[in-house]
Structures are given as structure tokens and as C-alpha cells.
>>> print(open('data-v2.tsv').read())   # TSV, C-alpha atoms
chain	number	residue	atom	x	y	z
A	11	GLY	CA	-11.16	-11.46	8.15
A	12	GLN	CA	-10.20	-11.28	4.53
A	13	GLN	CA	-6.60	-12.13	3.76
A	14	VAL	CA	-4.36	-11.92	0.75
A	15	MET	CA	-1.41	-14.30	0.86
A	16	GLN	CA	1.62	-13.62	-1.32
A	17	ILE	CA	4.53	-15.89	-2.12
A	18	PRO	CA	7.46	-16.10	-2.18
A	19	GLN	CA	8.56	-13.65	0.50
A	20	TYR	CA	11.98	-13.22	-1.13
A	21	GLN	CA	13.40	-14.04	-4.53
A	22	HIS	CA	17.00	-13.70	-5.65
A	23	VAL	CA	17.66	-14.01	-9.38
A	24	GLN	CA	20.51	-13.46	-11.77
A	25	GLU	CA	19.98	-10.64	-14.21
A	26	GLY	CA	18.21	-12.03	-17.26
A	27	GLU	CA	16.31	-14.73	-15.37
A	28	ASP	CA	12.54	-14.67	-15.07
A	29	PHE	CA	10.61	-13.93	-11.87
A	30	THR	CA	7.07	-14.69	-10.70
A	31	THR	CA	5.14	-13.72	-7.60
A	32	TYR	CA	1.76	-15.16	-6.66
A	33	CYS	CA	-1.20	-13.88	-4.66
A	34	ASN	CA	-4.07	-15.87	-3.23
A	35	SER	CA	-7.17	-14.54	-1.53
A	36	SER	CA	-9.44	-16.33	0.92
A	37	THR	CA	-12.42	-14.60	-0.69
A	38	THR	CA	-13.47	-13.55	-4.17
A	39	LEU	CA	-12.05	-10.19	-5.13
A	40	SER	CA	-13.68	-7.47	-7.16
A	41	ASN	CA	-10.34	-6.34	-8.48
A	42	ILE	CA	-6.64	-6.67	-7.80
A	43	GLN	CA	-3.98	-4.02	-7.99
A	44	TRP	CA	-0.21	-4.39	-8.12
A	45	TYR	CA	2.27	-1.96	-6.63
A	46	LYS	CA	6.06	-1.71	-6.65
A	47	GLN	CA	8.07	-0.27	-3.79
A	48	ARG	CA	11.73	0.50	-4.39
A	49	PRO	CA	14.08	0.23	-1.39
A	50	GLY	CA	13.53	3.26	0.83
A	51	GLY	CA	10.61	4.44	-1.29
A	52	HIS	CA	6.86	4.34	-1.32
A	53	PRO	CA	4.50	2.00	-3.22
A	54	VAL	CA	3.81	3.01	-6.79
A	55	PHE	CA	0.77	1.72	-8.68
A	56	LEU	CA	1.55	-0.61	-11.59
A	57	ILE	CA	-1.74	-1.98	-12.83
A	58	GLN	CA	-5.31	-3.01	-11.98
A	59	LEU	CA	-7.11	-6.19	-13.09
A	60	VAL	CA	-10.89	-6.42	-12.88
A	61	LYS	CA	-12.19	-9.19	-15.15
A	62	SER	CA	-12.06	-12.92	-14.51
A	63	GLY	CA	-9.13	-14.47	-16.40
A	64	GLU	CA	-7.78	-11.06	-17.39
A	65	VAL	CA	-4.19	-10.81	-18.63
A	66	LYS	CA	-2.37	-7.52	-19.06
A	67	LYS	CA	1.16	-6.79	-20.20
A	68	GLN	CA	3.48	-3.90	-19.57
A	69	LYS	CA	6.70	-4.44	-21.54
A	70	ARG	CA	8.43	-7.31	-19.69
A	71	LEU	CA	5.71	-7.56	-16.98
A	72	THR	CA	2.70	-9.86	-17.36
A	73	PHE	CA	-0.18	-9.71	-14.90
A	74	GLN	CA	-2.91	-12.34	-14.60
A	75	PHE	CA	-6.18	-12.51	-12.65
A	76	GLY	CA	-7.54	-15.98	-12.02
A	77	GLU	CA	-10.81	-17.30	-13.37
A	78	ALA	CA	-12.30	-17.47	-9.89
A	79	LYS	CA	-10.97	-13.99	-9.07
A	80	LYS	CA	-9.18	-15.38	-6.03
A	81	ASN	CA	-5.63	-15.43	-7.31
A	82	SER	CA	-3.26	-13.35	-9.35
A	83	SER	CA	0.32	-13.43	-10.55
A	84	LEU	CA	2.99	-11.06	-11.78
A	85	HIS	CA	5.66	-12.43	-14.11
A	86	ILE	CA	8.76	-10.51	-15.14
A	87	THR	CA	10.66	-11.76	-18.16
A	88	ALA	CA	14.43	-11.30	-18.33
A	89	THR	CA	14.86	-9.33	-15.12
A	90	GLN	CA	17.02	-6.22	-15.00
A	91	THR	CA	18.64	-4.49	-12.03
A	92	THR	CA	15.99	-1.79	-12.31
A	93	ASP	CA	13.38	-4.39	-11.34
A	94	VAL	CA	14.75	-4.54	-7.79
A	95	GLY	CA	12.14	-3.77	-5.13
A	96	THR	CA	9.15	-5.24	-3.35
A	97	TYR	CA	6.06	-6.12	-5.34
A	98	PHE	CA	2.70	-6.00	-3.56
A	99	CYS	CA	-0.66	-7.25	-4.66
A	100	ALA	CA	-3.74	-5.62	-3.14
A	101	GLY	CA	-7.34	-6.67	-3.58
A	102	SER	CA	-10.74	-5.14	-3.00
A	103	ILE	CA	-13.87	-7.04	-2.07
A	104	SER	CA	-17.22	-6.75	-3.76
A	105	GLY	CA	-19.59	-4.15	-2.33
A	106	GLY	CA	-16.85	-2.25	-0.61
A	107	TYR	CA	-15.40	0.98	-1.77
A	108	ASN	CA	-11.72	1.47	-2.55
A	109	LYS	CA	-10.44	-0.31	0.57
A	110	LEU	CA	-7.48	-2.49	-0.33
A	111	ILE	CA	-6.19	-5.61	1.40
A	112	PHE	CA	-2.45	-5.85	0.80
A	113	GLY	CA	-0.37	-8.97	0.53
A	114	ALA	CA	2.89	-9.08	2.47
A	115	GLY	CA	4.90	-8.47	-0.69
A	116	THR	CA	7.69	-10.27	-2.53
A	117	ARG	CA	11.13	-8.71	-2.31
A	118	LEU	CA	13.09	-9.14	-5.53
A	119	ALA	CA	16.88	-8.94	-5.63
A	120	VAL	CA	18.59	-9.02	-9.02
A	121	HIS	CA	22.28	-9.88	-9.21
A	122	PRO	CA	24.18	-8.48	-12.21
B	20	ASP	CA	3.08	19.47	-9.49
B	21	GLY	CA	0.34	17.29	-7.96
B	22	GLY	CA	1.08	14.86	-5.21
B	23	ILE	CA	1.00	13.88	-1.56
B	24	THR	CA	3.27	15.47	1.00
B	25	GLN	CA	4.04	13.78	4.28
B	26	SER	CA	5.98	15.41	7.08
B	27	PRO	CA	8.20	15.00	8.89
B	28	LYS	CA	10.28	12.36	7.14
B	29	TYR	CA	11.66	11.12	10.46
B	30	LEU	CA	10.05	11.46	13.87
B	31	PHE	CA	11.06	10.39	17.35
B	32	ARG	CA	8.59	9.84	20.15
B	33	LYS	CA	9.25	9.88	23.85
B	34	GLU	CA	7.42	7.66	26.29
B	35	GLY	CA	3.91	8.91	27.04
B	36	GLN	CA	3.97	11.43	24.22
B	37	ASN	CA	1.45	11.93	21.45
B	38	VAL	CA	2.83	12.80	18.03
B	39	THR	CA	1.06	13.95	14.88
B	40	LEU	CA	2.04	13.01	11.35
B	41	SER	CA	1.03	15.38	8.59
B	42	CYS	CA	-0.43	14.40	5.21
B	43	GLU	CA	-1.46	16.92	2.56
B	44	GLN	CA	-2.61	16.24	-1.00
B	45	ASN	CA	-3.32	18.52	-3.94
B	46	LEU	CA	-4.71	15.84	-6.24
B	47	ASN	CA	-8.32	16.83	-5.47
B	48	HIS	CA	-8.96	13.30	-4.23
B	49	ASP	CA	-11.91	12.65	-1.93
B	50	ALA	CA	-10.49	9.54	-0.25
B	51	MET	CA	-7.46	9.42	1.99
B	52	TYR	CA	-5.81	6.57	3.91
B	53	TRP	CA	-3.21	5.86	6.56
B	54	TYR	CA	-1.16	2.67	6.50
B	55	ARG	CA	1.45	1.22	8.76
B	56	GLN	CA	4.32	-0.80	7.30
B	57	ASP	CA	6.60	-2.98	9.44
B	58	PRO	CA	9.78	-4.60	8.08
B	59	GLY	CA	9.03	-7.54	5.83
B	60	GLN	CA	5.30	-6.98	6.01
B	61	GLY	CA	2.64	-5.54	3.81
B	62	LEU	CA	0.64	-2.42	4.44
B	63	ARG	CA	-1.95	-2.49	7.19
B	64	LEU	CA	-4.79	0.01	7.14
B	65	ILE	CA	-5.09	2.26	10.19
B	66	TYR	CA	-7.84	4.72	9.19
B	67	TYR	CA	-9.50	5.86	6.01
B	68	SER	CA	-11.73	8.71	4.98
B	69	GLN	CA	-14.05	8.91	2.00
B	70	ILE	CA	-15.10	12.50	2.49
B	71	VAL	CA	-14.47	15.54	4.63
B	72	ASN	CA	-15.62	15.23	8.25
B	73	ASP	CA	-16.00	11.47	7.95
B	74	PHE	CA	-13.55	8.63	8.62
B	75	GLN	CA	-13.60	4.95	9.52
B	76	LYS	CA	-11.33	2.65	11.46
B	77	GLY	CA	-9.18	0.26	9.53
B	78	ASP	CA	-7.71	-3.03	10.75
B	79	ILE	CA	-5.31	-1.60	13.36
B	80	ALA	CA	-6.87	1.66	14.62
B	81	GLU	CA	-6.17	1.14	18.33
B	82	GLY	CA	-3.79	3.79	19.68
B	83	TYR	CA	-4.29	6.09	16.69
B	84	SER	CA	-6.63	8.98	15.91
B	85	VAL	CA	-7.33	11.08	12.81
B	86	SER	CA	-9.28	14.11	11.66
B	87	ARG	CA	-10.51	15.21	8.26
B	88	GLU	CA	-11.48	18.86	8.51
B	89	LYS	CA	-10.26	19.74	5.02
B	90	LYS	CA	-10.29	17.77	1.80
B	91	GLU	CA	-6.56	18.26	1.37
B	92	SER	CA	-5.47	17.20	4.85
B	93	PHE	CA	-5.64	13.98	6.86
B	94	PRO	CA	-3.34	14.13	9.91
B	95	LEU	CA	-2.64	11.04	12.00
B	96	THR	CA	-1.98	11.20	15.74
B	97	VAL	CA	-0.05	8.36	17.32
B	98	THR	CA	-1.13	8.38	20.95
B	99	SER	CA	0.67	7.11	24.01
B	100	ALA	CA	-1.78	4.20	23.99
B	101	GLN	CA	0.03	2.78	20.94
B	102	LYS	CA	2.66	0.69	22.70
B	103	ASN	CA	4.65	-0.32	19.64
B	104	PRO	CA	4.62	2.72	17.36
B	105	THR	CA	7.99	2.17	15.65
B	106	ALA	CA	7.12	1.72	11.97
B	107	PHE	CA	6.98	3.35	8.56
B	108	TYR	CA	3.74	5.30	8.11
B	109	LEU	CA	2.33	5.87	4.66
B	110	CYS	CA	-0.46	8.20	3.65
B	111	ALA	CA	-2.36	7.67	0.41
B	112	SER	CA	-5.22	9.20	-1.52
B	113	SER	CA	-7.51	8.16	-4.34
B	114	LYS	CA	-10.64	9.09	-6.22
B	115	THR	CA	-13.65	7.46	-4.63
B	116	GLY	CA	-17.13	6.20	-5.25
B	117	THR	CA	-18.87	3.00	-4.27
B	118	GLY	CA	-17.95	0.23	-6.65
B	119	ILE	CA	-15.21	2.29	-8.24
B	120	PHE	CA	-11.73	0.96	-7.68
B	121	THR	CA	-8.99	3.42	-8.44
B	122	PRO	CA	-5.25	3.50	-7.85
B	123	GLN	CA	-3.98	4.83	-4.56
B	124	HIS	CA	-1.24	7.46	-4.66
B	125	PHE	CA	1.23	7.36	-1.81
B	126	GLY	CA	3.35	9.94	-0.06
B	127	ASP	CA	7.02	9.38	0.77
B	128	GLY	CA	6.20	8.23	4.29
B	129	THR	CA	7.23	9.07	7.85
B	130	ARG	CA	9.57	6.85	9.86
B	131	LEU	CA	8.60	6.93	13.52
B	132	SER	CA	10.90	5.66	16.25
B	133	ILE	CA	10.77	5.47	20.04
B	134	LEU	CA	13.42	7.37	21.99
>>> encode(input="data-v2.tsv", output="C-alpha cells")
Amino acid sequence: GQQVMQIPQYQHVQEGEDFTTYCNSSTTLSNIQWYKQRPGGHPVFLIQLVKSGEVKKQKRLTFQFGEAKKNSSLHITATQTTDVGTYFCAGSISGGYNKLIFGAGTRLAVHP
Amino acid sequence: DGGITQSPKYLFRKEGQNVTLSCEQNLNHDAMYWYRQDPGQGLRLIYYSQIVNDFQKGDIAEGYSVSREKKESFPLTVTSAQKNPTAFYLCASSKTGTGIFTPQHFGDGTRLSIL
């Protein structure tokens, strides 16, 4: 079946360092969504990418969707302790409705 | 204040017992979903429903059942056939429509454990 692989599984950074998490799909995706889950909380939607090669920014967060629509990345510049949590990518396949395939997530720890 | 309410927050199941997790939304969303989350893993889809009185199995439906009698409600029953039910269960909802991809809104989850 369709899979979305996400790496790394864990990332520890010092506050102020940059952070990147990567997603790769075995099949072409129609779109990709990113969610953040704080420790003990529930996933919260961050952004959706739809177009090939699309890049979107939210303050210190930069999201990219690959040209082949099979990979995506999330980059955080100058991490802060408020960035702590697990970041999930989730993709949908063409022709389907809003059924998401989630990656396993990258857990980010930020040391002050 | 619109949102998704899951209850209870914590639930304990005895051997051979069925338990039902509640999920209610007042976002007027047509689609609702149930996910299971295990430590260190992503979300795996159990069941989903696009419209009232209709639902489909997700990737790990065995040992679970659902109903969708009202637009606002999508309860999940964990049956005794589910041999490893200990997990964090998340309910979500979204707008729907073929070819339309919209954000999913999640409840706070229910933590289920075996006694």
C-alpha cells in the first residue's frame, strides 16, 4: 500500500540552530499537509501544499513540495523552545477524497 | 466555540469487554475519522465517514466498529476482538468533497489501557 516515510525520527538541537524534517512517498501525492503535535496534545494543522515545486513560509518555518510531488520538507530557522513537539507530514493520493497517509513523525527537542 | 470533543480522556478496558469512545463535533463538517496512535508512530486510520449513515474501513479496522447516525457524532467501539487496544485514539473531522483536500481538525484524544 501507499507509504509516507519521514526522517529523522528524532532531532535534538540547541536553541537557535536550524532543523529540517523530510518526507518521501512511494507514490505521487495530490497534496501534502503538515501537522504539529505538542507533547501530550493532539495534531494541529500547519499548512497544505498542492502544486509541484511549491514553497510556502510561515515566519521561521519553510515548507517545500518536490517537483515530482513525491517528497516534501519542513525547515525551521533558528529554533525556539516553543518549537518542541512532533511534526507529521500527511499526503493524499490523486482520485481519493480527504484520506491522509501520515508519516511516522519527527520529534524535535530544543535545548535552551 | 467550535471544535471536537472526545470523551473520556482516559479509559480502562477489562479482558473480554467492549468499550465505546465518544466523538462529537460542532464544526458542521461532513467527514469524520478515527485514528490510532502508538508511541513513536504516526497516525493510522481505523475508520472514516464522508456522510451520515456511511463509513468505510481504514487501514486497521479489525477489532473496531463505528456508527454515524448523526452528522455531529462518530463513536468508536473497541471490541474484545482487538487484542492490543492500548493506544491513544484520535478523532478528527473535515470538510469533504471528492478532489477537495482540507485540513483535519482533531480532538484531544482518548488514552485507552488494558486492566
>>> interface_residues(input="data-v2.tsv", of="chain B", to="chain A", cutoff="9 Å", atoms="only C-alpha atoms", output="ChimeraX atom specification")
/B:50,52,59-64,67,69,109,113-128
>>> residues_around(input="data-v2.tsv", residues="Phe74 (chain B)", least_positions_apart="4", cutoff="8 Å", atoms="all atoms listed in the file", output="list in words")
Tyr66, Tyr67, Ser68, Gln69, Ile70, Val85, Ser86 and Arg87 of chain B
>>> write_last_selection(input="data-v2.tsv", atoms="C-alpha atoms", output="PDB file, in the frame of the given file")
ATOM      1  CA  TYR B  66      -7.840   4.720   9.190  1.00  0.00           C
ATOM      2  CA  TYR B  67      -9.500   5.860   6.010  1.00  0.00           C
ATOM      3  CA  SER B  68     -11.730   8.710   4.980  1.00  0.00           C
ATOM      4  CA  GLN B  69     -14.050   8.910   2.000  1.00  0.00           C
ATOM      5  CA  ILE B  70     -15.100  12.500   2.490  1.00  0.00           C
ATOM      6  CA  VAL B  85      -7.330  11.080  12.810  1.00  0.00           C
ATOM      7  CA  SER B  86      -9.280  14.110  11.660  1.00  0.00           C
ATOM      8  CA  ARG B  87     -10.510  15.210   8.260  1.00  0.00           C
TER       9      ARG B  87
END
>>> closest_residue(input="data-v2.tsv", among="B:Pro27, B:Pro58, B:Gly77, B:Pro94", to="Cys42 (chain B)", atoms="only C-alpha atoms")
B:Pro94
>>> closest_residue(input="data-v2.tsv", among="A:Gln24, A:Gln13, A:Gln47, A:Thr72", to="Thr91 (chain A)", atoms="only C-alpha atoms")
A:Gln24
>>> axis_aligned_box(input="data-v2.tsv", around="region 35-51 of chain B", padding_each_side="4 Å", output="lines of an AutoDock Vina configuration file")
center_x = -4.0
center_y = 13.7
center_z = 10.4
size_x = 23.9
size_y = 17.6
size_z = 41.3
>>> residues_near_point(input="data-v2.tsv", point="(0.1, 14.0, 8.0)", cutoff="8 Å", atoms="only C-alpha atoms", output="list in words")
Thr24, Gln25, Ser26, Thr39, Leu40, Ser41, Cys42, Glu43, Ser92, Phe93, Pro94, Leu95 and Cys110 of chain B
>>> residues_around(input="data-v2.tsv", residues="Tyr108 (chain B)", least_positions_apart="4", cutoff="7 Å", atoms="only C-alpha atoms", output="list of chain:residue names")
B:Tyr54, B:Arg55, B:Gln56, B:Gly128, B:Thr129, B:Arg130
>>> residues_around(input="data-v2.tsv", residues="Lys90 (chain B)", least_positions_apart="6", cutoff="9 Å", atoms="all atoms listed in the file", output="mmCIF file with C-alpha atoms, in the frame of the given file")
data_model
loop_
_atom_site.group_PDB
_atom_site.id
_atom_site.type_symbol
_atom_site.label_atom_id
_atom_site.label_comp_id
_atom_site.auth_asym_id
_atom_site.auth_seq_id
_atom_site.Cartn_x
_atom_site.Cartn_y
_atom_site.Cartn_z
ATOM 1 C CA GLU B 43 -1.460 16.920 2.560
ATOM 2 C CA GLN B 44 -2.610 16.240 -1.000
ATOM 3 C CA ASN B 47 -8.320 16.830 -5.470
ATOM 4 C CA HIS B 48 -8.960 13.300 -4.230
ATOM 5 C CA ASP B 49 -11.910 12.650 -1.930
ATOM 6 C CA ALA B 50 -10.490 9.540 -0.250
ATOM 7 C CA MET B 51 -7.460 9.420 1.990
ATOM 8 C CA ILE B 70 -15.100 12.500 2.490
ATOM 9 C CA VAL B 71 -14.470 15.540 4.630
ATOM 10 C CA ASN B 72 -15.620 15.230 8.250
#
>>> residues_around(input="data-v2.tsv", residues="Thr31 (chain A)", least_positions_apart="2", cutoff="6 Å", atoms="only C-alpha atoms", output="list in words")
Ile17, Ser83 and Leu84 of chain A
>>> atom_distance(input="data-v2.tsv", atom1="CA of His121 (chain A)", atom2="CA of Ala106 (chain B)")
28.5 Å
>>> closest_residue(input="data-v2.tsv", among="A:Gly63, A:Pro18, A:Gly26, A:Pro49", to="Gly95 (chain A)", atoms="all atoms listed in the file")
A:Pro49
>>> closest_residue(input="data-v2.tsv", among="B:Ile65, B:Gln75, B:Ser132, B:Glu88", to="Asn103 (chain B)", atoms="all atoms listed in the file")
B:Ser132
>>> atom_distance(input="data-v2.tsv", atom1="CA of Arg48 (chain A)", atom2="CA of Lys33 (chain B)")
29.9 Å
>>> atom_distance(input="data-v2.tsv", atom1="CA of Asp93 (chain A)", atom2="CA of Leu59 (chain A)")
20.6 Å
>>> residues_around(input="data-v2.tsv", residues="Val120 (chain A)", least_positions_apart="6", cutoff="7 Å", atoms="all atoms listed in the file", output="PDB file with C-alpha atoms, in the frame of the given file")
ATOM      1  CA  HIS A  22      17.000 -13.700  -5.650  1.00  0.00           C
ATOM      2  CA  VAL A  23      17.660 -14.010  -9.380  1.00  0.00           C
ATOM      3  CA  GLN A  24      20.510 -13.460 -11.770  1.00  0.00           C
ATOM      4  CA  GLU A  25      19.980 -10.640 -14.210  1.00  0.00           C
ATOM      5  CA  GLN A  90      17.020  -6.220 -15.000  1.00  0.00           C
ATOM      6  CA  THR A  91      18.640  -4.490 -12.030  1.00  0.00           C
ATOM      7  CA  VAL A  94      14.750  -4.540  -7.790  1.00  0.00           C
TER       8      VAL A  94
END
>>> residues_near_point(input="data-v2.tsv", point="(6.9, 7.6, 22.3)", cutoff="10 Å", atoms="all atoms listed in the file", output="JSON list (two decimals) with C-alpha atoms, in the coordinates of the input")
[["chain", "number", "residue", "atom", "x", "y", "z"],
["B", 30, "LEU", "CA", 10.05, 11.46, 13.87],
["B", 31, "PHE", "CA", 11.06, 10.39, 17.35],
["B", 32, "ARG", "CA", 8.59, 9.84, 20.15],
["B", 33, "LYS", "CA", 9.25, 9.88, 23.85],
["B", 34, "GLU", "CA", 7.42, 7.66, 26.29],
["B", 35, "GLY", "CA", 3.91, 8.91, 27.04],
["B", 36, "GLN", "CA", 3.97, 11.43, 24.22],
["B", 37, "ASN", "CA", 1.45, 11.93, 21.45],
["B", 38, "VAL", "CA", 2.83, 12.80, 18.03],
["B", 97, "VAL", "CA", -0.05, 8.36, 17.32],
["B", 98, "THR", "CA", -1.13, 8.38, 20.95],
["B", 99, "SER", "CA", 0.67, 7.11, 24.01],
["B", 100, "ALA", "CA", -1.78, 4.20, 23.99],
["B", 101, "GLN", "CA", 0.03, 2.78, 20.94],
["B", 102, "LYS", "CA", 2.66, 0.69, 22.70],
["B", 103, "ASN", "CA", 4.65, -0.32, 19.64],
["B", 104, "PRO", "CA", 4.62, 2.72, 17.36],
["B", 105, "THR", "CA", 7.99, 2.17, 15.65],
["B", 131, "LEU", "CA", 8.60, 6.93, 13.52],
["B", 132, "SER", "CA", 10.90, 5.66, 16.25],
["B", 133, "ILE", "CA", 10.77, 5.47, 20.04],
["B", 134, "LEU", "CA", 13.42, 7.37, 21.99]]
